[in-house]
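K.L.:
Structure provided below as structure tokens; questions to follow.
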Amino acid sequence: MSKKHITTRINGEDVEFLAEPGASLLAALRDELGLTGSKEGCNNGNCGACNVVFDGALVNACCVLAVEANGVEITTIEGVANGEELHPLQTSFLENAALQCGICTPGFIVAAKALLDKEPDADEARIRHWLAGNLCRCTGYDKIVRAVLDAAADMRRTPA
Amino acid sequence: MAVKDYIAPSSVDDAVAVLSEHGADARPFAGGTDLIIQVRERRRQVGIMLDVKKIPELMEYSIGADGSLRVGAAVACARLYNDAEVARRFPALIDSASLIGGIQIQSRASLGGNLCNSSPAGDSIPTLIALGATCEIAGRGGRRTVPVESFCTGPGANVLQPGELLVSLTFPAPAANSGAAFERFIPRNEMDIAVANAAANVTLSADGATFTAARIAIGAVAPTALLVAETGAALAGKPVSADTIAAAAAAARAAARPITDMRGSADQRRHLAGVLVTRVIEKAVERARKA
Amino acid sequence: MTDKPNYRVIGTRPVRPDGIDKVTGRAQYGADTRLPGMLRGYVLRSPHAHAKIRGIDTSKAEALPGVKAVMTAADFCAPGQTVDQLPDLSANLMAGTKALYRGHAVAAVAAITDEIARDAAALIEVNYEVLPPVLDVREAMLPGAPILHEAMRSRTPTGPGENPSNIVAHTLSAFGDADAALAECDVVVDIVTSTKMVHQGYIEPQAATATWNPDGQVVIWTCTQGSFPARQNCSQILGHPISKIKVIPTEIGGGFGGKIAVYLEPVAAVLARKTGKPVKLTMDRSDVFEGTGPTPGTSIRATLGATKDGKFKALKADMAYENGAYPGAAATYATMVAAACYDIEHVKIDAFDVVVNKPRTQDYRAPSSPAAAFAIEQLVDKAAEKLGMDPLKLRLANSSHEGSRGPMGMPFSRIGHAECVEAALDSPHYNAPLEGPNRGRGVASGFWFNVGLRSSVNVTVQPDGTVSLVEGSTDIGGTRASLAMQLAETIGVEYEDVKPAVVDTDAVGYNDVTAGSRVTFASGMAVVEAGRNLIKEMTARLATAWNVPADAISFSNGVFSTADGSKTGTFKQIAENVVGRGPGLTVSGSVNAGFLQGGGFAHHIVDVEVDPDTGKVQILRYTAVQDVGTAVHPSYVEGQLQGGAAQGIGWALNEEYYYDETGRMVNAGYLDYRIPTTLDVPMIDTILVEVPNPLHPYGVRGAGEPPIVPPLAAIANAVYRATGQRQTQLPMSPRRILETTGKLG
């Protein structure tokens with residue numbers, strides 16, 4: 001087995017790394033690139049804690065091979081804030097107390113951003129449907145859904 | 001033990017060459033949402049991960065002049081359900097494509113992958129059967145076609161021979177006055193494997209009062225999804241009525257050969273086959289009348 | 001409450017201090033630890049639920065290139081000790097002579113990559129003699145059942161048993177004469193319930209990293225609920241002094257009781273010792289289900305008797321709780337909680353702790369109480385029906401109150417169960433009609449005794465007049481905020497001027513686990529004490545600076561002043577100008593808040609709709625009422641209620657350890673162990689009742705545990721109203737509803 005040389009773009013930066021052919025994108029992000037904001041909750045596509053935007057689509061990084069990242073644009077939780085300026089979703093999660101332990105939070109924020117980027121008018125039903133692949137065990141989802149609704153309203157008032 | 005190589009060919013011929021050379025050690029994947037996990041959890045031994053998403057033919061879909069739909073085997077579910085024209089003409093396909101996993105899975109998972117994974121509970125398979133899809137398979141000796149109801153041969157098993165690759169699925173144009181629908185039953189409201197599922201494709205008389213033809217398929221109640229000829233026969237030529245639909249549901253229950261496992265009991269699955277067949281026929285009738 | 005003090009900081013909703021790190025992905029959790037030269041470890045687990053281990057051959061694994069060390073239970077043995085002599089604490093982490101459940105660790109590998117460690121583990125040859133497992137709690141109690149521990153004798157009210165038994169203990173809790181009283185009751189209702197083992201389901205799998213220096217200094221990074229008890233356990237298992245072990249708590253991705261016990265920490269330490277390198281171990285999700293501690297399945301028989309005018313007279317119960325593979329005390333807890341909501345003169349509870357071939361159980365949020373309430377609160381519902389009374393008014397008429405008998409026979413201090421039921425009676429939810437077919441409304445109460453235990457904090461004044469708050473209770477749900485708020489309230493500064501941090505075991509006094517809803521309560525008491533100590537010390541220094549006697553200086557509302565008002569200064573001014581120019585100032589606060597802290601009560605209302613064709617239950621509306629004493633940060637208190645309710649909904653409807661006959665959990669993943677998604681729960685309305693806890697300076701009452709107690713029974717009562725069928729077994733899955741409502745022929 002030989003490692004593959006991968007050239008990709010993560011959070012706006014060109015990145016190169018070596019990947020085992022069977023390694024997941026999640027393992028590469030966390031272990032090779034030190035981007036530990038993407039979390040491993042299940043490692044089989046059932047919790048959403050490792051959500052990233054990959055080639056424009058929301059994916060579970062545990063269900064993507066690292067080698068598939070070649071030539072692709074990726075956004076992780078580390079790329080959601082604009083420098084020191086938090087994304088409205090991040091602010092809204094803080095103000096709504098939408099996190100308790102926080103382990104699922106990166107996945108929820110990445111997933112919610114992927115939704116609001118294309119559907120700024122998403123309502124509660126749509127938000128709940130979109131986020132059904134993200135598990136949270138602390139909050140009962142109430143404050144998470146409210147935080148996304150608030151952020152959406154905020155983003156509609158002040159378009160980026 | 002580990003994966004030795006990753007190959008992403010750019011043509012069907014190149015993919016077939018890799019598959020022919022390496023036999024069962026090479027395994028094609030599109031979304032990879034099943035295969036990558038099976039390999040990681042060491043439930044399946046794969047030496048070469050063959051990524052078919054660089055093959056244009058597998059990544060395209062189109063509606064033909066005759067109204068038929070050809071879908072490359074690797075087209076992600078989300079691309080289909082985000083296409084208004086596909087959604088308008090093939091709503092049952094959208095029923096299925098929007099239920100396979102969560103959003104994160106649908107952005108990668110494909111109908112072709114769902115079919116090749118050949119789970120008895122695959123959420124697209126009853127729909128593919130009800131819609132009368134044809135599988136186009138490429139191999140060393142050229143291409144062949146297989147009706148989708150003959151594709152799966154058992155849990156995780158199908159008609160693909162060593163060196164063969166599923167290229168596309170073709171759906172005939174929906175008949176006039178026809179409608180189709182898919183439903184599944186799961187314990188939660190998302191993210192589960194179907195306890196049972198069902199799809200119906202019904203054609204009505206011009207006045208919408210009589211079934212003229214029907215294809216009904218049920219899943220997760222036998223080693224493979226089943227085309228239930230008896231259910232179709234119970235409908236054809238009969239008036240659209242609760243009694244007719246109940247007879248069809250009874251035929252579906254009789255055809256089911258379910259097992260008991262952690263997802264449901266045999267009795268529950270047989271019962272659900274009847275419930276779901278009733279619901280999808282009713283929904284298909286509604287769609288047919290609107291068509 | 002009308003006489004609620006006018007707090008300045010308590011009751012506000014500031015942003016939590018660790019929030020930005022958690023919304024940007026910077027926060028470091030258990031698996032995020034990365035050290036130079038770090039190896040990866042992997043634990044091999046038993047594929048059998050019950051098997052003798054005849055031998056373990058690790059030679060092939062050790063020979064695999066990239067493998068640096070392999071360990072087995074023998075590595076936990078002291079010199080001269082053999083694996084059959086290991087205590088339960090060690091044997092549960094690494095099976096010596098017998099694997100007692102599927103998933104029981106038997107060996108571990110350290111290698112240069114995770115993949116190689118897994119390959120090596122597959123090369124370890126364990127010679128098993130497979131034994132028949134016992135999986136059901138009542139079957140395990142029968143004579144002739146397969147015995148897990150040959151040396152174990154039951155503890156009973158009449159002394160130890162004579163023969164080997166799976167019954168760890170028979171605990172009897174009796175007040176009055178329940179049998180005689182029941183015979184005289186006008187209304188008697190009974191129930192037999194069973195519940196399955198369920199898991200806390202925290203999203204972050206266990207992870208631990210360790211280094212072991214040649215001088216014996218050990219450092220362990222872990223996502224534990226209690227770094228000090230973890231250090232203690234590691235010390236016992238490793239036979240290594242506490243002074244040489246430092247536990248550094250990382251951020252923790254949920255626990256709910258499941259991250260109190262150590263699993264990987266001592267294994268990582270041994271592998272670090274053997275390799276001389278840092279070793280990181282992480283669990284897969286399946287390891288979490290099979291190899292950590294879920295909460296017990298139960299079998300309960302209970303009878304409740306009342307007079308015809310609705311006064312509860314007697315409660316009798318027989319309760320058996322699975323302990324899993326090693327002895328625990330779940331049923332003993334049950335005797336403390338089962339009858340606590342009501343003032344009942346005659347109570348008799350026989351409780352049985354029982355070992356079975358399943359993972360050693362651990363606490364899960366209000367441990368033992370939800371399953372007990374599933375039985376008792378349905379009995380109350382049945383009694384209300386028989387008596388023709390409103391179920392809330394019946395509860396109110398029989399409610400526990402200050403002075404009535406509480407856990408272990410001690411009288412309750414001021415508690416708020418009746419206030420919760422009253423609030424439920426007044427709630428918009430309970431007063432809204434529920435219409436439509438197949439729908440039903442259910443209610444239930446719940447109790448958790450809440451614990452106090454030991455906490456310590458340090459407070460340091462910084463030169464700019466802000467203060468650092470150093471604490472040792474790991475923060476799972478926002479306690480850095482709730483503690484900083486209590487300090488700000490005490491010393492009269494802004495919340496933003498308190499900078500809290502959770503530190504390692506070398507850096508602060510002893511702290512018990514973050515569990516039992518104790519941190520905001522007991523660590524809060526330590527914070528208040530530290531704050532008062534700080535004011536005292538600052539007053540002393542101010543006396544010198546102002547050249548007045550210390551007792552001439554008063555402190556109130558954040559201002560120091562002399563009696564005549566000639567000299568004044570705010571906390572910040574004094575901290576900056578007086579303390580800041582003197583020697584550094586650090587004070588501490590340490591408390592032992594006792595075992596019990598006064599008790600928390602909850603009451604929930606739920607509306608459901610049951611699909612008669614599929615048996616599926618949808619939660620239409622949910623309201624959680626709870627006496628929280630004083631809500632320090634109301635948003636995070638509401639979050640506790642909402643999260644507990646959602647966990648209860650999952651437990652009620654779909655969650656269970658589903659075993660095959662060989663003792664294999666066949667649903668050991670999030671796909672088939674079905675915790676609720678966003679689509680399975682509605683918005684969860686909360687009503688915070690505030691009956692101040694007299695045991696805490698600000699009236700704080702633990703809030704985390706009670707909300708998981710009522711949902712199981714509340715939903716069962718609602719399903720009964722919707723279908724006419726009582727639900728006595730969990731989960732109330734679609735399959736079970738179809739079966740019990742006669743839909744499957």
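Numbering starts fresh at 1 for the residues of each chain in the structure tokens, the chains themselves are lettered A, B, ... in the order given, and ligands are numbered from 1 as they appear.
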If you count only C-alpha atoms, which residues fall within 9 Å of range 33-49 of chain A, apart from same-chain ones fewer than 4 positions away, as an NGL selection string?
P.N.:
(:A and (15 or 17 or 26-29 or 59-63 or 76-78 or 103-108 or 111 or 131-136)) or (:B and (33-34 or 36-38 or 40-41 or 101-102 or 104-105 or 191)) or (:C and (22 or 24-29 or 31-32 or 34 or 202-205 or 284-286 or 669-671))
K.L.:
Identify, with DSSP run on backbone atoms, the residues in range 16-68 of chain B assigned to strand (DSSP E), and express the list as a ChimeraX atom specification.
P.N.:
/B:26-29,48-51,61-63
K.L.:
Write the residues you've just listed into a file as a PDB file, in the first residue's frame, and include C-alpha atoms for each of them.
P.N.:
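Below you can see part_24.pdb, which holds the result:
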```pdb
ATOM      1  CA  ALA B  26     -11.689  -4.429  -6.384  1.00  0.00           C
ATOM      2  CA  ARG B  27     -15.016  -2.919  -5.497  1.00  0.00           C
ATOM      3  CA  PRO B  28     -16.744  -0.003  -7.196  1.00  0.00           C
ATOM      4  CA  PHE B  29     -18.268   2.756  -5.115  1.00  0.00           C
ATOM      5  CA  ILE B  48      -8.948  -1.618  -4.321  1.00  0.00           C
ATOM      6  CA  MET B  49     -11.536   1.090  -3.872  1.00  0.00           C
ATOM      7  CA  LEU B  50     -12.771   1.882  -7.360  1.00  0.00           C
ATOM      8  CA  ASP B  51     -14.292   5.358  -7.423  1.00  0.00           C
ATOM      9  CA  TYR B  61     -28.912  11.779 -16.073  1.00  0.00           C
ATOM     10  CA  SER B  62     -31.293  12.825 -18.818  1.00  0.00           C
ATOM     11  CA  ILE B  63     -34.907  12.675 -19.855  1.00  0.00           C
TER      12      ILE B  63
END
```
K.L.:
Could you produce a table of the residues of chain B lying within 8 Å of chain C, with the nearest pair of atoms per residue and their separation in Å rounded to one decimal, using only C-alpha atoms, ordered by chain and increasing residue number, as CSV?
P.N.:
```
residue,atom,partner,partner_atom,distance
B:Met1,CA,C:Asp119,CA,7.2
B:Ala2,CA,C:Glu115,CA,7.7
B:Phe185,CA,C:Thr614,CA,7.9
B:Pro187,CA,C:Pro734,CA,6.4
B:Arg188,CA,C:Asp680,CA,6.4
B:Asn189,CA,C:Leu679,CA,5.8
B:Glu190,CA,C:Leu679,CA,7.0
B:Met191,CA,C:Leu671,CA,6.9
B:Asp192,CA,C:Leu671,CA,6.1
B:Ile193,CA,C:Leu671,CA,7.6
B:Met262,CA,C:Tyr658,CA,6.5
B:Arg263,CA,C:Asp672,CA,7.5
B:Gly264,CA,C:Arg735,CA,6.5
B:Ser265,CA,C:Arg735,CA,7.3
B:Asp267,CA,C:Leu744,CA,6.3
B:Gln268,CA,C:Arg735,CA,6.3
B:His271,CA,C:Leu744,CA,6.7
B:Leu272,CA,C:Thr614,CA,6.7
B:Val275,CA,C:Asp613,CA,6.7
```
K.L.:
With C-alpha atoms retained, write the just-selected residues as a PDB file, in the first residue's frame.
P.N.:
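Produced file result_38.pdb, reproduced below:
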```
ATOM      1  CA  MET B   1      -6.026  -6.191   5.730  1.00  0.00           C
ATOM      2  CA  ALA B   2      -6.188  -2.552   4.749  1.00  0.00           C
ATOM      3  CA  PHE B 185     -42.069   2.436   7.824  1.00  0.00           C
ATOM      4  CA  PRO B 187     -39.560   3.579  14.165  1.00  0.00           C
ATOM      5  CA  ARG B 188     -38.119   7.100  14.232  1.00  0.00           C
ATOM      6  CA  ASN B 189     -39.011   9.793  11.741  1.00  0.00           C
ATOM      7  CA  GLU B 190     -35.629   9.750   9.986  1.00  0.00           C
ATOM      8  CA  MET B 191     -32.303   7.932   9.830  1.00  0.00           C
ATOM      9  CA  ASP B 192     -33.596   4.365  10.188  1.00  0.00           C
ATOM     10  CA  ILE B 193     -33.496   1.275   8.033  1.00  0.00           C
ATOM     11  CA  MET B 262     -34.001  -6.217  15.925  1.00  0.00           C
ATOM     12  CA  ARG B 263     -35.799  -3.986  13.440  1.00  0.00           C
ATOM     13  CA  GLY B 264     -39.109  -5.795  13.561  1.00  0.00           C
ATOM     14  CA  SER B 265     -40.914  -9.080  13.926  1.00  0.00           C
ATOM     15  CA  ASP B 267     -45.743 -10.640  12.042  1.00  0.00           C
ATOM     16  CA  GLN B 268     -45.164  -6.920  12.260  1.00  0.00           C
ATOM     17  CA  HIS B 271     -48.839  -6.524   8.731  1.00  0.00           C
ATOM     18  CA  LEU B 272     -46.881  -3.446   7.639  1.00  0.00           C
ATOM     19  CA  VAL B 275     -50.553  -1.188   5.514  1.00  0.00           C
TER      20      VAL B 275
END
```
K.L.:
Can you list, as a list of chain:residue names, every protein, DNA or RNA residue that comes within 8 Å of Val148 in chain A when you count only C-alpha atoms, leaving out same-chain residues fewer than 2 positions away?
P.N.:
A:Leu89, A:Ser92, A:Phe93, A:Ala112, A:Ile127, A:Ile144, A:Val145, A:Arg146, A:Asp150, A:Ala151, A:Ala152
K.L.:
Using the selection just defined, write its residues with C-alpha atoms as a PDB file, in the first residue's frame.
P.N.:
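Dumped everything to part_21.pdb:
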```pdb
ATOM      1  CA  LEU A  89     -25.045  30.968  13.436  1.00  0.00           C
ATOM      2  CA  SER A  92     -26.891  32.638  17.713  1.00  0.00           C
ATOM      3  CA  PHE A  93     -25.822  29.295  19.183  1.00  0.00           C
ATOM      4  CA  ALA A 112     -27.142  24.613   9.387  1.00  0.00           C
ATOM      5  CA  ILE A 127     -34.691  23.001   9.673  1.00  0.00           C
ATOM      6  CA  ILE A 144     -30.664  24.399  18.516  1.00  0.00           C
ATOM      7  CA  VAL A 145     -33.676  24.806  16.250  1.00  0.00           C
ATOM      8  CA  ARG A 146     -34.410  28.214  17.769  1.00  0.00           C
ATOM      9  CA  ASP A 150     -32.810  33.268  14.883  1.00  0.00           C
ATOM     10  CA  ALA A 151     -29.649  33.164  12.793  1.00  0.00           C
ATOM     11  CA  ALA A 152     -31.714  32.838   9.633  1.00  0.00           C
TER      12      ALA A 152
END
```
K.L.:
Check range 445-645 of chain C with DSSP on the backbone and list each residue it calls alpha helix (DSSP H), as an MDAnalysis selection string.
P.N.:
chainID C and resid 479:491 524:546 571:577 634:645
K.L.:
Compare A:Ala153, A:Ala69, A:Ala57, A:Leu86 by their minimum atom-to-atom distance to Ala122 in chain A, counting only C-alpha atoms, and give me the closest one.
P.N.:
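Looking only at the distances to Ala122 in chain A, the closest residue turns out to be A:Ala153.
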K.L.:
From the options B:Ala194, B:Val3, B:Ala157, B:Ala255, which residue's atoms come nearest to chain A, counting only C-alpha atoms?
P.N.:
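For chain A, the nearest of the given residues is B:Val3.
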K.L.:
With distances taken over only C-alpha atoms, which residue among B:Leu69, B:Ala176, B:Val195, B:Ile7 lies nearest chain A?
P.N.:
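Closest candidate: B:Ile7.
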K.L.:
Counting only C-alpha atoms, figure out which residue out of B:Leu99, B:Ala254, B:Ala175, B:Leu276 gets nearest to chain A.
P.N.:
B:Leu99
K.L.:
From the options A:Ala125, A:Ile10, A:Val52, A:Val67, which residue's atoms come nearest to Asp5 in chain B, counting only C-alpha atoms?
P.N.:
A:Val67
K.L.:
Determine, counting only C-alpha atoms, which protein, DNA and RNA residues have an atom within 8 Å of an atom of Gly704 in chain C; residues of the same chain fewer than 3 positions away are not included. Present the result as a list in words.
P.N.:
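My reading of the contact set: Arg365, Gly516, Ser517, Val637, Gln640, Leu641, Gly644 and Pro707 of chain C.
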